[in-house]
>>> print(open('start_30.cif').read())   # mmCIF, C-alpha atoms
data_final
loop_
_atom_site.group_PDB
_atom_site.id
_atom_site.type_symbol
_atom_site.label_atom_id
_atom_site.label_comp_id
_atom_site.auth_asym_id
_atom_site.auth_seq_id
_atom_site.Cartn_x
_atom_site.Cartn_y
_atom_site.Cartn_z
ATOM 1 C CA MET A 1 -46.047 12.785 4.557
ATOM 2 C CA LYS A 2 -44.190 13.214 7.843
ATOM 3 C CA GLN A 3 -40.523 12.269 7.915
ATOM 4 C CA VAL A 4 -39.525 9.696 10.540
ATOM 5 C CA HIS A 5 -36.240 10.530 12.290
ATOM 6 C CA VAL A 6 -34.301 7.327 12.947
ATOM 7 C CA ALA A 7 -31.155 6.913 15.046
ATOM 8 C CA VAL A 8 -28.874 4.225 13.584
ATOM 9 C CA GLY A 9 -25.873 2.633 15.268
ATOM 10 C CA VAL A 10 -22.741 1.068 13.793
ATOM 11 C CA LEU A 11 -21.283 -1.377 16.317
ATOM 12 C CA THR A 12 -17.897 -2.975 15.706
ATOM 13 C CA ASP A 13 -16.023 -5.683 17.573
ATOM 14 C CA SER A 14 -12.291 -5.950 18.321
ATOM 15 C CA GLU A 15 -11.647 -7.280 14.807
ATOM 16 C CA ALA A 16 -13.579 -4.437 13.098
ATOM 17 C CA ASN A 17 -16.531 -6.682 12.228
ATOM 18 C CA ILE A 18 -19.852 -4.830 12.008
ATOM 19 C CA LEU A 19 -23.126 -5.874 13.607
ATOM 20 C CA ILE A 20 -26.223 -6.161 11.416
ATOM 21 C CA ALA A 21 -29.718 -7.366 12.292
ATOM 22 C CA LYS A 22 -32.587 -8.786 10.247
ATOM 23 C CA ARG A 23 -35.895 -6.942 10.165
ATOM 24 C CA PRO A 24 -39.066 -8.896 11.043
ATOM 25 C CA GLN A 25 -41.094 -9.999 8.012
ATOM 26 C CA THR A 26 -44.060 -7.973 9.283
ATOM 27 C CA ALA A 27 -42.102 -4.703 9.533
ATOM 28 C CA HIS A 28 -41.660 -2.054 6.847
ATOM 29 C CA GLN A 29 -38.893 -3.398 4.535
ATOM 30 C CA GLY A 30 -39.318 -6.701 6.381
ATOM 31 C CA GLY A 31 -36.894 -9.557 5.827
ATOM 32 C CA LEU A 32 -34.005 -7.248 4.911
ATOM 33 C CA TRP A 33 -30.883 -6.659 6.968
ATOM 34 C CA GLU A 34 -30.210 -3.345 8.682
ATOM 35 C CA PHE A 35 -27.995 -1.524 11.119
ATOM 36 C CA PRO A 36 -29.638 -1.457 14.557
ATOM 37 C CA GLY A 37 -31.474 1.572 15.877
ATOM 38 C CA GLY A 38 -34.906 3.095 15.954
ATOM 39 C CA LYS A 39 -37.144 6.135 15.995
ATOM 40 C CA VAL A 40 -36.091 9.290 17.823
ATOM 41 C CA GLU A 41 -38.884 10.131 20.252
ATOM 42 C CA PRO A 42 -40.000 13.719 20.999
ATOM 43 C CA GLY A 43 -37.617 15.396 23.431
ATOM 44 C CA GLU A 44 -34.769 12.959 22.759
ATOM 45 C CA THR A 45 -31.405 13.724 21.219
ATOM 46 C CA VAL A 46 -30.166 11.318 18.576
ATOM 47 C CA GLN A 47 -27.595 10.002 21.037
ATOM 48 C CA GLN A 48 -30.210 9.423 23.746
ATOM 49 C CA ALA A 49 -32.482 7.634 21.289
ATOM 50 C CA LEU A 50 -29.633 5.470 20.043
ATOM 51 C CA ALA A 51 -28.571 4.477 23.556
ATOM 52 C CA ARG A 52 -32.161 3.565 24.408
ATOM 53 C CA GLU A 53 -32.814 1.637 21.185
ATOM 54 C CA LEU A 54 -29.586 -0.353 21.394
ATOM 55 C CA TYR A 55 -30.420 -1.413 24.933
ATOM 56 C CA GLU A 56 -33.963 -2.384 23.955
ATOM 57 C CA GLU A 57 -32.853 -4.263 20.831
ATOM 58 C CA LEU A 58 -29.450 -5.658 21.769
ATOM 59 C CA ASP A 59 -29.183 -5.504 25.584
ATOM 60 C CA VAL A 60 -26.071 -3.293 25.498
ATOM 61 C CA HIS A 61 -25.261 0.028 27.126
ATOM 62 C CA CYS A 62 -23.621 2.753 25.000
ATOM 63 C CA ASP A 63 -22.584 6.290 25.880
ATOM 64 C CA LYS A 64 -20.145 7.514 23.229
ATOM 65 C CA PHE A 65 -20.924 8.097 19.550
ATOM 66 C CA GLN A 66 -19.326 9.548 16.414
ATOM 67 C CA PRO A 67 -21.323 10.795 13.393
ATOM 68 C CA VAL A 68 -20.987 8.698 10.225
ATOM 69 C CA ILE A 69 -23.589 9.963 7.759
ATOM 70 C CA GLN A 70 -27.118 11.366 7.592
ATOM 71 C CA ILE A 71 -29.440 10.029 4.884
ATOM 72 C CA ALA A 72 -32.896 11.240 3.848
ATOM 73 C CA HIS A 73 -34.873 8.721 1.786
ATOM 74 C CA ASP A 74 -38.392 8.555 0.392
ATOM 75 C CA TYR A 75 -39.760 5.023 -0.022
ATOM 76 C CA GLY A 76 -43.013 6.322 -1.481
ATOM 77 C CA ASP A 77 -45.057 5.010 1.429
ATOM 78 C CA LYS A 78 -42.642 6.281 4.081
ATOM 79 C CA ARG A 79 -40.052 9.060 4.416
ATOM 80 C CA VAL A 80 -37.097 8.539 6.741
ATOM 81 C CA LEU A 81 -34.097 10.499 7.959
ATOM 82 C CA LEU A 82 -31.361 8.120 9.081
ATOM 83 C CA ASP A 83 -28.962 9.702 11.576
ATOM 84 C CA VAL A 84 -26.062 7.259 11.628
ATOM 85 C CA HIS A 85 -23.450 7.160 14.381
ATOM 86 C CA ARG A 86 -20.551 4.868 15.095
ATOM 87 C CA VAL A 87 -20.838 3.439 18.620
ATOM 88 C CA LEU A 88 -17.491 3.890 20.362
ATOM 89 C CA ASN A 89 -18.178 2.603 23.874
ATOM 90 C CA VAL A 90 -20.263 -0.562 24.310
ATOM 91 C CA SER A 91 -20.870 -2.410 27.575
ATOM 92 C CA GLY A 92 -22.315 -5.898 27.233
ATOM 93 C CA THR A 93 -22.568 -8.561 24.549
ATOM 94 C CA PRO A 94 -25.115 -7.779 21.802
ATOM 95 C CA ILE A 95 -27.939 -10.289 21.427
ATOM 96 C CA GLY A 96 -31.184 -10.239 19.463
ATOM 97 C CA LYS A 97 -33.228 -9.226 22.493
ATOM 98 C CA GLU A 98 -36.437 -9.047 20.428
ATOM 99 C CA GLY A 99 -35.798 -12.376 18.699
ATOM 100 C CA GLN A 100 -34.219 -10.824 15.618
ATOM 101 C CA PRO A 101 -31.243 -12.581 14.006
ATOM 102 C CA VAL A 102 -27.977 -10.646 14.432
ATOM 103 C CA ARG A 103 -24.684 -11.237 12.687
ATOM 104 C CA TRP A 104 -21.126 -9.878 12.749
ATOM 105 C CA VAL A 105 -19.722 -9.318 9.249
ATOM 106 C CA THR A 106 -16.720 -7.586 7.716
ATOM 107 C CA ALA A 107 -17.163 -4.303 5.871
ATOM 108 C CA ALA A 108 -16.498 -6.089 2.571
ATOM 109 C CA GLU A 109 -19.159 -8.714 3.350
ATOM 110 C CA LEU A 110 -21.871 -6.065 3.759
ATOM 111 C CA SER A 111 -22.325 -6.080 -0.025
ATOM 112 C CA GLN A 112 -23.537 -9.692 0.177
ATOM 113 C CA TYR A 113 -26.599 -8.789 2.261
ATOM 114 C CA PRO A 114 -29.860 -7.211 1.081
ATOM 115 C CA PHE A 115 -30.558 -3.915 2.877
ATOM 116 C CA PRO A 116 -33.387 -1.389 2.614
ATOM 117 C CA ALA A 117 -32.530 1.209 -0.036
ATOM 118 C CA ALA A 118 -31.871 3.913 2.558
ATOM 119 C CA ASN A 119 -29.122 1.762 4.107
ATOM 120 C CA TYR A 120 -26.896 1.448 1.041
ATOM 121 C CA PRO A 121 -25.174 4.827 1.529
ATOM 122 C CA ILE A 122 -24.286 3.587 5.016
ATOM 123 C CA VAL A 123 -22.713 0.499 3.454
ATOM 124 C CA ASN A 124 -20.700 2.777 1.138
ATOM 125 C CA ALA A 125 -19.567 4.899 4.072
ATOM 126 C CA LEU A 126 -18.407 1.856 6.028
ATOM 127 C CA GLN A 127 -16.514 0.428 3.065
ATOM 128 C CA LEU A 128 -14.760 3.693 2.170
ATOM 129 C CA PRO A 129 -11.711 4.988 4.079
ATOM 130 C CA GLU A 130 -11.636 8.396 5.737
ATOM 131 C CA ARG A 131 -8.829 9.723 3.518
ATOM 132 C CA LEU A 132 -8.836 10.126 -0.272
ATOM 133 C CA LEU A 133 -5.595 10.914 -2.087
ATOM 134 C CA ILE A 134 -5.799 12.870 -5.339
ATOM 135 C CA THR A 135 -2.604 12.523 -7.366
ATOM 136 C CA GLY A 136 -0.716 15.705 -8.217
ATOM 137 C CA PRO A 137 2.226 16.852 -10.362
ATOM 138 C CA PHE A 138 5.014 14.426 -11.187
ATOM 139 C CA ASN A 139 8.219 14.453 -13.216
ATOM 140 C CA SER A 140 8.245 10.954 -14.699
ATOM 141 C CA GLU A 141 6.485 7.630 -14.477
ATOM 142 C CA ALA A 142 9.062 6.439 -11.973
ATOM 143 C CA ASP A 143 8.443 9.526 -9.846
ATOM 144 C CA PHE A 144 4.665 8.996 -10.045
ATOM 145 C CA LEU A 145 4.912 5.357 -8.980
ATOM 146 C CA ALA A 146 7.312 6.224 -6.158
ATOM 147 C CA ARG A 147 4.776 8.731 -4.845
ATOM 148 C CA ILE A 148 2.033 6.094 -5.057
ATOM 149 C CA ASP A 149 4.204 3.606 -3.154
ATOM 150 C CA ASN A 150 4.918 6.225 -0.489
ATOM 151 C CA SER A 151 1.224 7.093 -0.156
ATOM 152 C CA LEU A 152 0.185 3.451 0.166
ATOM 153 C CA ALA A 153 2.874 2.917 2.798
ATOM 154 C CA GLN A 154 1.366 5.855 4.725
ATOM 155 C CA GLY A 155 -1.953 4.001 4.872
ATOM 156 C CA LEU A 156 -3.853 5.713 2.041
ATOM 157 C CA ARG A 157 -6.446 3.246 0.754
ATOM 158 C CA LEU A 158 -8.424 5.266 -1.800
ATOM 159 C CA ILE A 159 -6.488 6.809 -4.673
ATOM 160 C CA GLN A 160 -7.908 9.100 -7.335
ATOM 161 C CA LEU A 161 -5.608 9.041 -10.351
ATOM 162 C CA ARG A 162 -5.862 12.520 -11.831
ATOM 163 C CA ALA A 163 -3.457 13.258 -14.684
ATOM 164 C CA PRO A 164 -5.263 15.442 -17.265
ATOM 165 C CA GLN A 165 -1.997 16.107 -19.088
ATOM 166 C CA LEU A 166 -1.745 12.451 -20.179
ATOM 167 C CA SER A 167 -3.293 11.072 -23.351
ATOM 168 C CA PRO A 168 -5.513 7.982 -23.069
ATOM 169 C CA ASP A 169 -2.695 5.889 -24.532
ATOM 170 C CA ALA A 170 -0.334 7.096 -21.799
ATOM 171 C CA LEU A 171 -2.882 6.988 -18.979
ATOM 172 C CA LYS A 172 -3.940 3.381 -19.483
ATOM 173 C CA PRO A 173 -0.579 1.634 -18.839
ATOM 174 C CA LEU A 174 0.133 3.950 -15.898
ATOM 175 C CA ALA A 175 -3.270 3.184 -14.386
ATOM 176 C CA GLN A 176 -2.677 -0.549 -14.703
ATOM 177 C CA LYS A 177 0.616 -0.250 -12.817
ATOM 178 C CA VAL A 178 -1.024 1.813 -10.083
ATOM 179 C CA LYS A 179 -3.909 -0.675 -9.887
ATOM 180 C CA ALA A 180 -1.457 -3.526 -9.265
ATOM 181 C CA ARG A 181 0.203 -1.575 -6.457
ATOM 182 C CA CYS A 182 -3.163 -0.722 -4.898
ATOM 183 C CA ALA A 183 -4.222 -4.364 -5.038
ATOM 184 C CA ASP A 184 -1.148 -5.337 -3.003
ATOM 185 C CA TYR A 185 -2.357 -3.051 -0.195
ATOM 186 C CA GLY A 186 -6.084 -3.725 -0.470
ATOM 187 C CA ALA A 187 -6.552 -0.149 -1.701
ATOM 188 C CA LYS A 188 -8.988 1.069 -4.356
ATOM 189 C CA LEU A 189 -8.134 3.076 -7.465
ATOM 190 C CA VAL A 190 -10.569 5.448 -9.148
ATOM 191 C CA ILE A 191 -9.624 7.373 -12.272
ATOM 192 C CA ASN A 192 -10.607 10.949 -13.024
ATOM 193 C CA THR A 193 -11.486 10.465 -16.679
ATOM 194 C CA ASP A 194 -14.410 9.457 -18.874
ATOM 195 C CA THR A 195 -16.247 6.298 -17.876
ATOM 196 C CA ALA A 196 -15.248 4.294 -20.957
ATOM 197 C CA LEU A 197 -11.532 4.810 -20.369
ATOM 198 C CA ALA A 198 -11.867 4.005 -16.662
ATOM 199 C CA ALA A 199 -13.517 0.712 -17.618
ATOM 200 C CA GLU A 200 -10.711 -0.063 -20.094
ATOM 201 C CA CYS A 201 -8.159 0.544 -17.343
ATOM 202 C CA GLU A 202 -9.973 -2.002 -15.146
ATOM 203 C CA ALA A 203 -9.938 0.475 -12.283
ATOM 204 C CA ASP A 204 -12.051 0.084 -9.158
ATOM 205 C CA GLY A 205 -14.104 3.062 -10.258
ATOM 206 C CA VAL A 206 -14.362 6.384 -12.017
ATOM 207 C CA HIS A 207 -14.341 9.908 -10.639
ATOM 208 C CA LEU A 208 -16.442 12.457 -12.514
ATOM 209 C CA ASN A 209 -15.496 16.123 -12.532
ATOM 210 C CA SER A 210 -18.417 18.543 -12.210
ATOM 211 C CA GLU A 211 -18.656 18.968 -15.984
ATOM 212 C CA ARG A 212 -18.939 15.217 -16.636
ATOM 213 C CA LEU A 213 -21.349 14.965 -13.724
ATOM 214 C CA HIS A 214 -23.879 17.181 -15.494
ATOM 215 C CA GLU A 215 -23.412 15.542 -18.894
ATOM 216 C CA LEU A 216 -24.931 12.282 -17.608
ATOM 217 C CA THR A 217 -28.615 11.474 -17.311
ATOM 218 C CA GLN A 218 -28.127 8.197 -15.438
ATOM 219 C CA ARG A 219 -25.454 6.293 -13.562
ATOM 220 C CA PRO A 220 -22.869 5.068 -16.103
ATOM 221 C CA ALA A 221 -23.419 1.436 -17.016
ATOM 222 C CA SER A 222 -19.875 0.955 -18.335
ATOM 223 C CA VAL A 223 -18.509 0.806 -14.774
ATOM 224 C CA SER A 224 -21.172 -1.510 -13.372
ATOM 225 C CA GLY A 225 -20.169 -2.883 -9.988
ATOM 226 C CA CYS A 226 -17.486 -0.229 -9.517
ATOM 227 C CA LEU A 227 -17.308 2.976 -7.506
ATOM 228 C CA VAL A 228 -18.623 6.129 -9.138
ATOM 229 C CA GLY A 229 -17.611 9.351 -7.420
ATOM 230 C CA GLY A 230 -17.863 12.983 -8.338
ATOM 231 C CA SER A 231 -16.614 16.495 -7.669
ATOM 232 C CA CYS A 232 -19.120 19.074 -6.473
ATOM 233 C CA HIS A 233 -19.065 22.706 -5.418
ATOM 234 C CA ASN A 234 -22.682 23.593 -4.701
ATOM 235 C CA ALA A 235 -26.206 22.301 -4.079
ATOM 236 C CA ARG A 236 -26.893 21.935 -7.812
ATOM 237 C CA ASP A 237 -23.964 19.536 -8.217
ATOM 238 C CA ILE A 238 -25.102 17.534 -5.189
ATOM 239 C CA ALA A 239 -28.667 17.278 -6.524
ATOM 240 C CA GLN A 240 -27.315 15.867 -9.803
ATOM 241 C CA ALA A 241 -25.141 13.364 -7.925
ATOM 242 C CA ASN A 242 -28.174 12.281 -5.896
ATOM 243 C CA HIS A 243 -30.121 11.799 -9.130
ATOM 244 C CA LEU A 244 -27.356 9.637 -10.628
ATOM 245 C CA GLY A 245 -26.920 7.609 -7.452
ATOM 246 C CA LEU A 246 -23.182 8.138 -7.010
ATOM 247 C CA ASP A 247 -21.209 6.328 -4.322
ATOM 248 C CA TYR A 248 -19.281 9.290 -2.868
ATOM 249 C CA LEU A 249 -18.610 12.983 -3.469
ATOM 250 C CA VAL A 250 -15.751 15.431 -2.970
ATOM 251 C CA LEU A 251 -16.882 18.935 -1.962
ATOM 252 C CA SER A 252 -14.575 21.926 -2.425
ATOM 253 C CA PRO A 253 -13.117 24.323 -1.597
ATOM 254 C CA VAL A 254 -13.736 24.062 2.128
ATOM 255 C CA GLN A 255 -10.646 26.004 3.206
ATOM 256 C CA ALA A 256 -8.171 28.220 1.389
ATOM 257 C CA THR A 257 -5.770 26.289 -0.811
ATOM 258 C CA SER A 258 -2.572 27.242 -2.629
ATOM 259 C CA SER A 259 -3.590 25.262 -5.731
ATOM 260 C CA HIS A 260 -6.661 27.496 -6.244
ATOM 261 C CA PRO A 261 -5.770 30.810 -4.544
ATOM 262 C CA ASP A 262 -8.614 32.720 -6.263
ATOM 263 C CA ALA A 263 -11.373 30.376 -5.045
ATOM 264 C CA SER A 264 -13.426 31.537 -2.078
ATOM 265 C CA PRO A 265 -13.527 28.850 0.639
ATOM 266 C CA MET A 266 -17.003 27.863 1.813
ATOM 267 C CA GLY A 267 -16.014 27.120 5.422
ATOM 268 C CA TRP A 268 -17.153 24.279 7.656
ATOM 269 C CA ASP A 269 -20.678 25.550 8.288
ATOM 270 C CA THR A 270 -21.498 25.556 4.578
ATOM 271 C CA PHE A 271 -19.761 22.198 4.167
ATOM 272 C CA ALA A 272 -22.078 20.762 6.832
ATOM 273 C CA GLU A 273 -25.177 22.313 5.226
ATOM 274 C CA LEU A 274 -24.321 20.950 1.775
ATOM 275 C CA THR A 275 -23.258 17.550 3.091
ATOM 276 C CA ALA A 276 -26.677 17.171 4.697
ATOM 277 C CA LYS A 277 -28.220 17.394 1.200
ATOM 278 C CA ALA A 278 -26.151 14.498 -0.157
ATOM 279 C CA LYS A 279 -27.295 10.869 -0.199
ATOM 280 C CA MET A 280 -23.774 9.524 -0.201
ATOM 281 C CA PRO A 281 -20.510 9.918 1.759
ATOM 282 C CA MET A 282 -18.819 13.312 1.337
ATOM 283 C CA TYR A 283 -15.115 14.172 1.461
ATOM 284 C CA ALA A 284 -13.928 17.691 2.281
ATOM 285 C CA LEU A 285 -11.334 19.076 -0.152
ATOM 286 C CA GLY A 286 -9.337 22.294 -0.080
ATOM 287 C CA GLY A 287 -6.533 22.965 2.378
ATOM 288 C CA MET A 288 -7.028 19.591 4.074
ATOM 289 C CA THR A 289 -4.536 17.649 6.188
ATOM 290 C CA ASP A 290 -4.861 14.636 8.490
ATOM 291 C CA ARG A 291 -5.706 17.027 11.316
ATOM 292 C CA ASP A 292 -8.954 18.032 9.545
ATOM 293 C CA THR A 293 -10.386 14.503 9.432
ATOM 294 C CA ASN A 294 -12.235 14.710 12.736
ATOM 295 C CA ARG A 295 -13.545 18.183 11.889
ATOM 296 C CA ALA A 296 -14.934 16.909 8.596
ATOM 297 C CA GLN A 297 -16.587 13.947 10.308
ATOM 298 C CA ARG A 298 -18.159 16.163 12.967
ATOM 299 C CA ALA A 299 -19.674 18.149 10.091
ATOM 300 C CA GLY A 300 -21.219 14.965 8.660
ATOM 301 C CA GLY A 301 -18.480 14.113 6.178
ATOM 302 C CA GLN A 302 -16.726 10.833 5.457
ATOM 303 C CA GLY A 303 -13.332 12.442 5.899
ATOM 304 C CA VAL A 304 -10.906 14.490 3.841
ATOM 305 C CA ALA A 305 -9.429 14.491 0.347
ATOM 306 C CA ALA A 306 -6.120 16.118 -0.435
ATOM 307 C CA ILE A 307 -3.270 16.388 -2.892
ATOM 308 C CA SER A 308 -0.353 18.213 -1.277
ATOM 309 C CA ALA A 309 -0.837 16.755 2.217
ATOM 310 C CA TRP A 310 0.201 13.286 1.030
ATOM 311 C CA TRP A 311 1.581 13.642 -2.505
ATOM 312 C CA GLY A 312 4.710 15.621 -1.695
ATOM 313 C CA GLY A 313 6.584 18.354 -3.566
ATOM 314 C CA GLU A 314 10.075 17.416 -4.739
ATOM 315 C CA SER A 315 10.711 14.442 -6.988
ATOM 316 C CA LEU A 316 10.973 11.153 -5.120
ATOM 317 C CA THR A 317 13.335 9.629 -7.679
ATOM 318 C CA SER A 318 16.832 10.556 -8.848
ATOM 319 C CA ASP A 319 15.738 10.688 -12.503
ATOM 320 C CA GLY A 320 13.237 13.511 -11.863
#
>>> encode(input="start_30.cif", output="structure tokens")
Amino acid sequence: MKQVHVAVGVLTDSEANILIAKRPQTAHQGGLWEFPGGKVEPGETVQQALARELYEELDVHCDKFQPVIQIAHDYGDKRVLLDVHRVLNVSGTPIGKEGQPVRWVTAAELSQYPFPAANYPIVNALQLPERLLITGPFNSEADFLARIDNSLAQGLRLIQLRAPQLSPDALKPLAQKVKARCADYGAKLVINTDTALAAECEADGVHLNSERLHELTQRPASVSGCLVGGSCHNARDIAQANHLGLDYLVLSPVQATSSHPDASPMGWDTFAELTAKAKMPMYALGGMTDRDTNRAQRAGGQGVAAISAWWGGESLTSDG
């Protein structure tokens, strides 16, 4: 069965609302909502196809795009490759030029709309930030919480609590304090632990290391409705994450890092090749800073994950 290459556009207004459109009942996946776009014709680039489709569908002119995610999906009766780009320069007011209903919604509201299955990774990508903080060493609970406060003040909105040295009894109260701080900023907290403990901590999700990733045969039910992310290092890990239907992945090491000096970095070309195999947003990890965000996104990633870039070195409290 031939794969259909589809250019998909993410249009946002001045208040960061996102445009979605409803598919005709007679179309494949009819009656569901989608992000506008259409088939890439022979001889067209994705950008050319997207500019053409958005004019035909919405009566707008667009000439600047940024990659978001690429998703391959098999519906059984149709195989598609969604090439998703954020539309950065729009001239005109979008209307349903073909009679289709269109609607501006917030990123959070996207979860309230039924989309074709291939679109759900796009929803995840639009709801996740471009930076993921992984917590690092700390000297005391006060020091840990001070680092969290500092990170949230810097604009970090996805925190992975990773503290393997703590027992479950010590991790749970710390996680609850971090969760309260994250809630104040509209940030999400995922915990690098087993799924049962993450559920007990009432976190926004769980992060699976590569070992836990391969122990599972299906997406964990204990964190239903929450984010499930994972760490991966190769195509085998990504294939397992695809099978489980995870919400995001962290791929490492992309560049040399002081925390794992013996690990061989894969480089950006390999990162791009592996990211193309994933059916969910991918963060680059290993030697990352804010400056690498655009590079990761050009390679098809969601953004970057890091410890040292945002966690800091010396104790942030006087008791440390």
>>> closest_atom_pairs(input="start_30.cif", of="range 181-234 of chain A", to="range 257-271 of chain A", cutoff="12 Å", atoms="only C-alpha atoms", output="tab-separated table")
residue	atom	partner	partner_atom	distance
A:Cys232	CA	A:Phe271	CA	11.1
A:His233	CA	A:Met266	CA	9.1
A:Asn234	CA	A:Phe271	CA	9.4
>>> atom_distance(input="start_30.cif", atom1="CA of Thr135 in chain A", atom2="CA of Trp311 in chain A")
6.5 Å
>>> closest_residue(input="start_30.cif", among="A:Ala256, A:Ala7, A:Ala276, A:Ala309", to="Arg291 in chain A", atoms="all atoms listed in the file")
A:Ala309
>>> atom_distance(input="start_30.cif", atom1="CA of Val250 in chain A", atom2="CA of Val223 in chain A")
19.0 Å
>>> closest_residue(input="start_30.cif", among="A:Ala153, A:Ile71, A:Ala142, A:Ile159", to="Lys279 in chain A", atoms="all atoms listed in the file")
A:Ile71
>>> resolve_selection(input="start_30.cif", expression="the PyMOL selection byres ((chain A and resi 8) around 8)", output="number ranges by chain")
A: 6-7, 9-10, 35-38, 50, 82-85
>>> write_last_selection(input="start_30.cif", atoms="C-alpha atoms", output="PDB file, in the frame of the given file")
ATOM      1  CA  VAL A   6     -34.301   7.327  12.947  1.00  0.00           C
ATOM      2  CA  ALA A   7     -31.155   6.913  15.046  1.00  0.00           C
ATOM      3  CA  GLY A   9     -25.873   2.633  15.268  1.00  0.00           C
ATOM      4  CA  VAL A  10     -22.741   1.068  13.793  1.00  0.00           C
ATOM      5  CA  PHE A  35     -27.995  -1.524  11.119  1.00  0.00           C
ATOM      6  CA  PRO A  36     -29.638  -1.457  14.557  1.00  0.00           C
ATOM      7  CA  GLY A  37     -31.474   1.572  15.877  1.00  0.00           C
ATOM      8  CA  GLY A  38     -34.906   3.095  15.954  1.00  0.00           C
ATOM      9  CA  LEU A  50     -29.633   5.470  20.043  1.00  0.00           C
ATOM     10  CA  LEU A  82     -31.361   8.120   9.081  1.00  0.00           C
ATOM     11  CA  ASP A  83     -28.962   9.702  11.576  1.00  0.00           C
ATOM     12  CA  VAL A  84     -26.062   7.259  11.628  1.00  0.00           C
ATOM     13  CA  HIS A  85     -23.450   7.160  14.381  1.00  0.00           C
TER      14      HIS A  85
END
>>> resolve_selection(input="start_30.cif", expression="the PyMOL selection byres ((chain A and resi 133) around 10)", output="list in words")
Arg131, Leu132, Ile134, Thr135, Gly136, Ile148, Ser151, Leu152, Leu156, Arg157, Leu158, Ile159, Gln160, Leu161, Arg162, Leu189, Val304, Ala305, Ala306, Ile307, Ser308, Ala309, Trp310 and Trp311 of chain A
>>> write_last_selection(input="start_30.cif", atoms="C-alpha atoms", output="mmCIF file, keeping the file's coordinate frame")
data_model
loop_
_atom_site.group_PDB
_atom_site.id
_atom_site.type_symbol
_atom_site.label_atom_id
_atom_site.label_comp_id
_atom_site.auth_asym_id
_atom_site.auth_seq_id
_atom_site.Cartn_x
_atom_site.Cartn_y
_atom_site.Cartn_z
ATOM 1 C CA ARG A 131 -8.829 9.723 3.518
ATOM 2 C CA LEU A 132 -8.836 10.126 -0.272
ATOM 3 C CA ILE A 134 -5.799 12.870 -5.339
ATOM 4 C CA THR A 135 -2.604 12.523 -7.366
ATOM 5 C CA GLY A 136 -0.716 15.705 -8.217
ATOM 6 C CA ILE A 148 2.033 6.094 -5.057
ATOM 7 C CA SER A 151 1.224 7.093 -0.156
ATOM 8 C CA LEU A 152 0.185 3.451 0.166
ATOM 9 C CA LEU A 156 -3.853 5.713 2.041
ATOM 10 C CA ARG A 157 -6.446 3.246 0.754
ATOM 11 C CA LEU A 158 -8.424 5.266 -1.800
ATOM 12 C CA ILE A 159 -6.488 6.809 -4.673
ATOM 13 C CA GLN A 160 -7.908 9.100 -7.335
ATOM 14 C CA LEU A 161 -5.608 9.041 -10.351
ATOM 15 C CA ARG A 162 -5.862 12.520 -11.831
ATOM 16 C CA LEU A 189 -8.134 3.076 -7.465
ATOM 17 C CA VAL A 304 -10.906 14.490 3.841
ATOM 18 C CA ALA A 305 -9.429 14.491 0.347
ATOM 19 C CA ALA A 306 -6.120 16.118 -0.435
ATOM 20 C CA ILE A 307 -3.270 16.388 -2.892
ATOM 21 C CA SER A 308 -0.353 18.213 -1.277
ATOM 22 C CA ALA A 309 -0.837 16.755 2.217
ATOM 23 C CA TRP A 310 0.201 13.286 1.030
ATOM 24 C CA TRP A 311 1.581 13.642 -2.505
#
>>> resolve_selection(input="start_30.cif", expression="the PyMOL selection byres ((chain A and resi 28) around 12)", output="list in words")
Lys22, Arg23, Pro24, Gln25, Thr26, Ala27, Gln29, Gly30, Gly31, Leu32, Trp33, Glu34, Tyr75, Gly76, Asp77, Lys78, Arg79, Val80, Phe115, Pro116 and Ala117 of chain A
>>> write_last_selection(input="start_30.cif", atoms="C-alpha atoms", output="compact mmCIF listing (two decimals), in the frame of the given file")
# COMPACT_ATOMS: atom_id res chain seq x y z
CA LYS A 22 -32.59 -8.79 10.25
CA ARG A 23 -35.90 -6.94 10.16
CA PRO A 24 -39.07 -8.90 11.04
CA GLN A 25 -41.09 -10.00 8.01
CA THR A 26 -44.06 -7.97 9.28
CA ALA A 27 -42.10 -4.70 9.53
CA GLN A 29 -38.89 -3.40 4.54
CA GLY A 30 -39.32 -6.70 6.38
CA GLY A 31 -36.89 -9.56 5.83
CA LEU A 32 -34.01 -7.25 4.91
CA TRP A 33 -30.88 -6.66 6.97
CA GLU A 34 -30.21 -3.34 8.68
CA TYR A 75 -39.76 5.02 -0.02
CA GLY A 76 -43.01 6.32 -1.48
CA ASP A 77 -45.06 5.01 1.43
CA LYS A 78 -42.64 6.28 4.08
CA ARG A 79 -40.05 9.06 4.42
CA VAL A 80 -37.10 8.54 6.74
CA PHE A 115 -30.56 -3.92 2.88
CA PRO A 116 -33.39 -1.39 2.61
CA ALA A 117 -32.53 1.21 -0.04
>>> closest_residue(input="start_30.cif", among="A:Arg86, A:Lys97, A:His73, A:Lys172", to="Glu57 in chain A", atoms="only C-alpha atoms")
A:Lys97
>>> closest_residue(input="start_30.cif", among="A:Met282, A:Ala299, A:Ile20, A:Leu171", to="Tyr113 in chain A", atoms="all atoms listed in the file")
A:Ile20
>>> atom_distance(input="start_30.cif", atom1="CA of Leu19 in chain A", atom2="CA of Val102 in chain A")
6.9 Å
